[in-house]
>>> print(open('my_file_18.tsv').read())   # TSV, C-alpha atoms
chain	number	residue	atom	x	y	z
A	11	MET	CA	66.73	-162.41	67.65
A	12	ALA	CA	64.71	-162.96	64.46
A	13	GLY	CA	67.88	-162.68	62.37
A	14	VAL	CA	69.52	-165.43	64.38
A	15	GLU	CA	66.56	-167.71	63.82
A	16	LYS	CA	66.60	-167.07	60.08
A	17	ARG	CA	70.35	-167.76	59.95
A	18	ALA	CA	69.86	-171.08	61.77
A	19	ASP	CA	67.14	-172.04	59.28
A	20	PHE	CA	69.50	-171.26	56.43
A	21	GLU	CA	72.27	-173.37	57.95
A	22	ASP	CA	69.89	-176.30	58.18
A	23	LEU	CA	68.81	-176.06	54.54
A	24	LEU	CA	72.13	-175.55	52.76
A	25	PRO	CA	73.42	-179.11	53.38
A	26	VAL	CA	70.07	-180.49	52.23
A	27	MET	CA	70.39	-178.49	49.02
A	28	ALA	CA	73.95	-179.75	48.57
A	29	ASN	CA	72.88	-183.37	49.00
A	30	LYS	CA	69.99	-182.95	46.59
A	31	LEU	CA	71.78	-180.89	43.92
A	32	GLY	CA	75.36	-182.10	44.26
A	33	GLY	CA	78.35	-179.78	44.40
A	34	GLU	CA	77.97	-178.24	40.97
A	35	GLY	CA	74.23	-177.78	41.35
A	36	LEU	CA	74.69	-176.07	44.70
A	37	ILE	CA	77.25	-173.67	43.26
A	38	ASN	CA	74.84	-172.88	40.41
A	39	GLU	CA	72.07	-172.15	42.91
A	40	LEU	CA	74.38	-169.92	44.96
A	41	CYS	CA	75.26	-168.04	41.77
A	42	ASN	CA	71.54	-167.63	41.05
A	43	GLY	CA	71.05	-166.29	44.57
A	44	PHE	CA	73.89	-163.84	44.04
A	45	GLN	CA	72.29	-162.61	40.80
A	46	LEU	CA	69.00	-162.13	42.62
A	47	LEU	CA	70.54	-160.02	45.40
A	48	MET	CA	73.16	-158.02	43.53
A	49	ASP	CA	73.05	-154.41	42.43
A	50	LYS	CA	72.59	-154.81	38.67
A	51	ASP	CA	74.62	-151.68	37.88
A	52	ARG	CA	77.61	-152.51	40.08
A	53	GLY	CA	77.59	-156.32	39.78
A	54	VAL	CA	77.99	-156.79	43.56
A	55	ILE	CA	75.73	-157.15	46.58
A	56	THR	CA	75.58	-153.87	48.46
A	57	MET	CA	73.77	-153.01	51.65
A	58	GLU	CA	71.16	-151.23	49.53
A	59	SER	CA	70.67	-154.09	47.07
A	60	LEU	CA	70.41	-156.57	49.95
A	61	ARG	CA	67.78	-154.39	51.65
A	62	ARG	CA	65.88	-153.95	48.36
A	63	ASN	CA	65.92	-157.64	47.40
A	64	SER	CA	65.89	-159.38	50.79
A	65	SER	CA	62.15	-160.06	50.59
A	66	PHE	CA	62.85	-162.58	47.78
A	67	LEU	CA	64.53	-164.74	50.43
A	68	GLY	CA	62.07	-164.05	53.23
A	69	LEU	CA	64.53	-161.76	55.02
A	70	GLN	CA	62.48	-158.56	54.81
A	71	ASP	CA	62.19	-158.40	58.62
A	72	LEU	CA	65.94	-158.05	59.16
A	73	SER	CA	67.08	-154.68	60.46
A	74	ASP	CA	69.57	-152.48	58.64
A	75	ASP	CA	72.14	-153.41	61.29
A	76	GLU	CA	71.62	-157.12	60.61
A	77	LEU	CA	71.89	-156.60	56.85
A	78	ALA	CA	75.02	-154.48	57.28
A	79	SER	CA	76.52	-157.20	59.49
A	80	MET	CA	75.88	-159.79	56.77
A	81	VAL	CA	77.70	-157.68	54.18
A	82	LYS	CA	80.54	-156.88	56.57
A	83	GLU	CA	81.00	-160.53	57.56
A	84	GLY	CA	81.46	-161.61	53.96
A	85	ASP	CA	83.39	-158.59	52.67
A	86	LEU	CA	86.88	-160.08	52.37
A	87	ASP	CA	88.45	-157.29	50.30
A	88	GLY	CA	87.01	-154.44	52.39
A	89	ASP	CA	85.20	-152.64	49.56
A	90	GLY	CA	81.87	-152.56	51.41
A	91	ALA	CA	80.16	-155.00	49.02
A	92	LEU	CA	80.10	-158.71	48.22
A	93	ASN	CA	81.33	-160.00	44.89
A	94	GLN	CA	80.19	-163.42	43.73
A	95	MET	CA	83.13	-165.28	45.29
A	96	GLU	CA	82.71	-163.52	48.64
A	97	PHE	CA	79.01	-164.36	48.61
A	98	CYS	CA	79.64	-168.06	47.94
A	99	VAL	CA	82.37	-168.23	50.59
A	100	LEU	CA	80.04	-166.56	53.10
A	101	MET	CA	77.26	-169.04	52.37
A	102	PHE	CA	79.64	-171.94	53.00
A	103	ARG	CA	81.01	-170.32	56.17
A	104	LEU	CA	77.48	-169.91	57.54
A	105	SER	CA	76.97	-173.67	57.32
A	106	PRO	CA	79.48	-175.62	59.45
A	107	GLU	CA	78.00	-178.93	58.30
A	108	LEU	CA	78.47	-177.96	54.68
A	109	MET	CA	82.06	-176.89	55.38
A	110	GLN	CA	82.77	-180.41	56.65
A	111	GLU	CA	81.05	-182.00	53.66
A	112	SER	CA	82.97	-179.78	51.22
A	113	ARG	CA	86.22	-181.15	52.66
A	114	PHE	CA	85.09	-184.66	51.74
A	115	TRP	CA	84.03	-183.51	48.24
A	116	LEU	CA	87.47	-182.00	47.75
A	117	GLU	CA	89.19	-185.19	48.89
A	118	ASP	CA	87.03	-187.25	46.51
A	119	ALA	CA	87.82	-184.88	43.63
A	120	PHE	CA	91.55	-185.21	44.32
A	121	GLU	CA	91.29	-189.00	44.42
A	122	GLU	CA	89.40	-189.06	41.11
A	123	GLU	CA	91.93	-186.74	39.52
A	124	LEU	CA	94.83	-188.93	40.69
A	125	LYS	CA	93.08	-192.05	39.35
A	126	SER	CA	92.48	-190.42	35.96
A	127	ASP	CA	96.16	-189.43	35.83
A	128	GLY	CA	97.16	-193.04	36.58
A	129	LEU	CA	98.77	-192.23	39.91
>>> encode(input="my_file_18.tsv", output="structure tokens")
Amino acid sequence: MAGVEKRADFEDLLPVMANKLGGEGLINELCNGFQLLMDKDRGVITMESLRRNSSFLGLQDLSDDELASMVKEGDLDGDGALNQMEFCVLMFRLSPELMQESRFWLEDAFEEELKSDGL
């Protein structure tokens, strides 16, 4: 149950980070998080690198099963690891509120692009 509590805490903080940092700042922070958790030799987050580096995020109490589930949930290409894009997508998917906000950011970006093109 501890893993569920930690996930809920994360979901609550990601929208706050997005509001404080803006879209680009949030993406930069997610990229920094990826760099922190990844296997430096392979350039991806593996089960082993997540276990080794999880204490940086206060997740050291998660079981191997919980860590494996995190990797599996985000592993879109089925290679058993998370690349940077998979990691960022997973972080957004774990935050329903942020998913809704990102829709509005996308709409705003389209509107700005259309205005700059004179349409």
>>> closest_residue(input="my_file_18.tsv", among="A:Arg62, A:Lys30, A:Arg103, A:Lys82", to="Asp49 of chain A", atoms="only C-alpha atoms")
A:Arg62
>>> residues_around(input="my_file_18.tsv", residues="Met95 of chain A", least_positions_apart="2", cutoff="12 Å", atoms="all atoms listed in the file", output="count of residues only")
20
>>> closest_residue(input="my_file_18.tsv", among="A:Val26, A:Arg61, A:Leu31, A:Leu104", to="Glu76 of chain A", atoms="only C-alpha atoms")
A:Arg61
>>> atom_distance(input="my_file_18.tsv", atom1="atom CA of Asn42 of chain A", atom2="atom CA of Gln94 of chain A")
10.0 Å
>>> atom_distance(input="my_file_18.tsv", atom1="atom CA of Gly43 of chain A", atom2="atom CA of Asp75 of chain A")
21.1 Å
>>> atom_distance(input="my_file_18.tsv", atom1="atom CA of Gly88 of chain A", atom2="atom CA of Glu58 of chain A")
16.4 Å
>>> residues_around(input="my_file_18.tsv", residues="segment 63-65 of chain A", least_positions_apart="3", cutoff="9 Å", atoms="all atoms listed in the file", output="ChimeraX atom specification")
/A:46-48,58-60,68-72,77
>>> write_last_selection(input="my_file_18.tsv", atoms="C-alpha atoms", output="compact mmCIF listing (two decimals), keeping the file's coordinate frame")
# COMPACT_ATOMS: atom_id res chain seq x y z
CA LEU A 46 69.00 -162.13 42.62
CA LEU A 47 70.54 -160.02 45.40
CA MET A 48 73.16 -158.02 43.53
CA GLU A 58 71.16 -151.23 49.53
CA SER A 59 70.67 -154.09 47.07
CA LEU A 60 70.41 -156.57 49.95
CA GLY A 68 62.07 -164.05 53.23
CA LEU A 69 64.53 -161.76 55.02
CA GLN A 70 62.48 -158.56 54.81
CA ASP A 71 62.19 -158.40 58.62
CA LEU A 72 65.94 -158.05 59.16
CA LEU A 77 71.89 -156.60 56.85
>>> axis_aligned_box(input="my_file_18.tsv", around="segment 56-60 of chain A", padding_each_side="3 Å", output="AutoDock Vina command-line options")
--center_x 73.0 --center_y -153.9 --center_z 49.4 --size_x 11.2 --size_y 11.3 --size_z 10.6
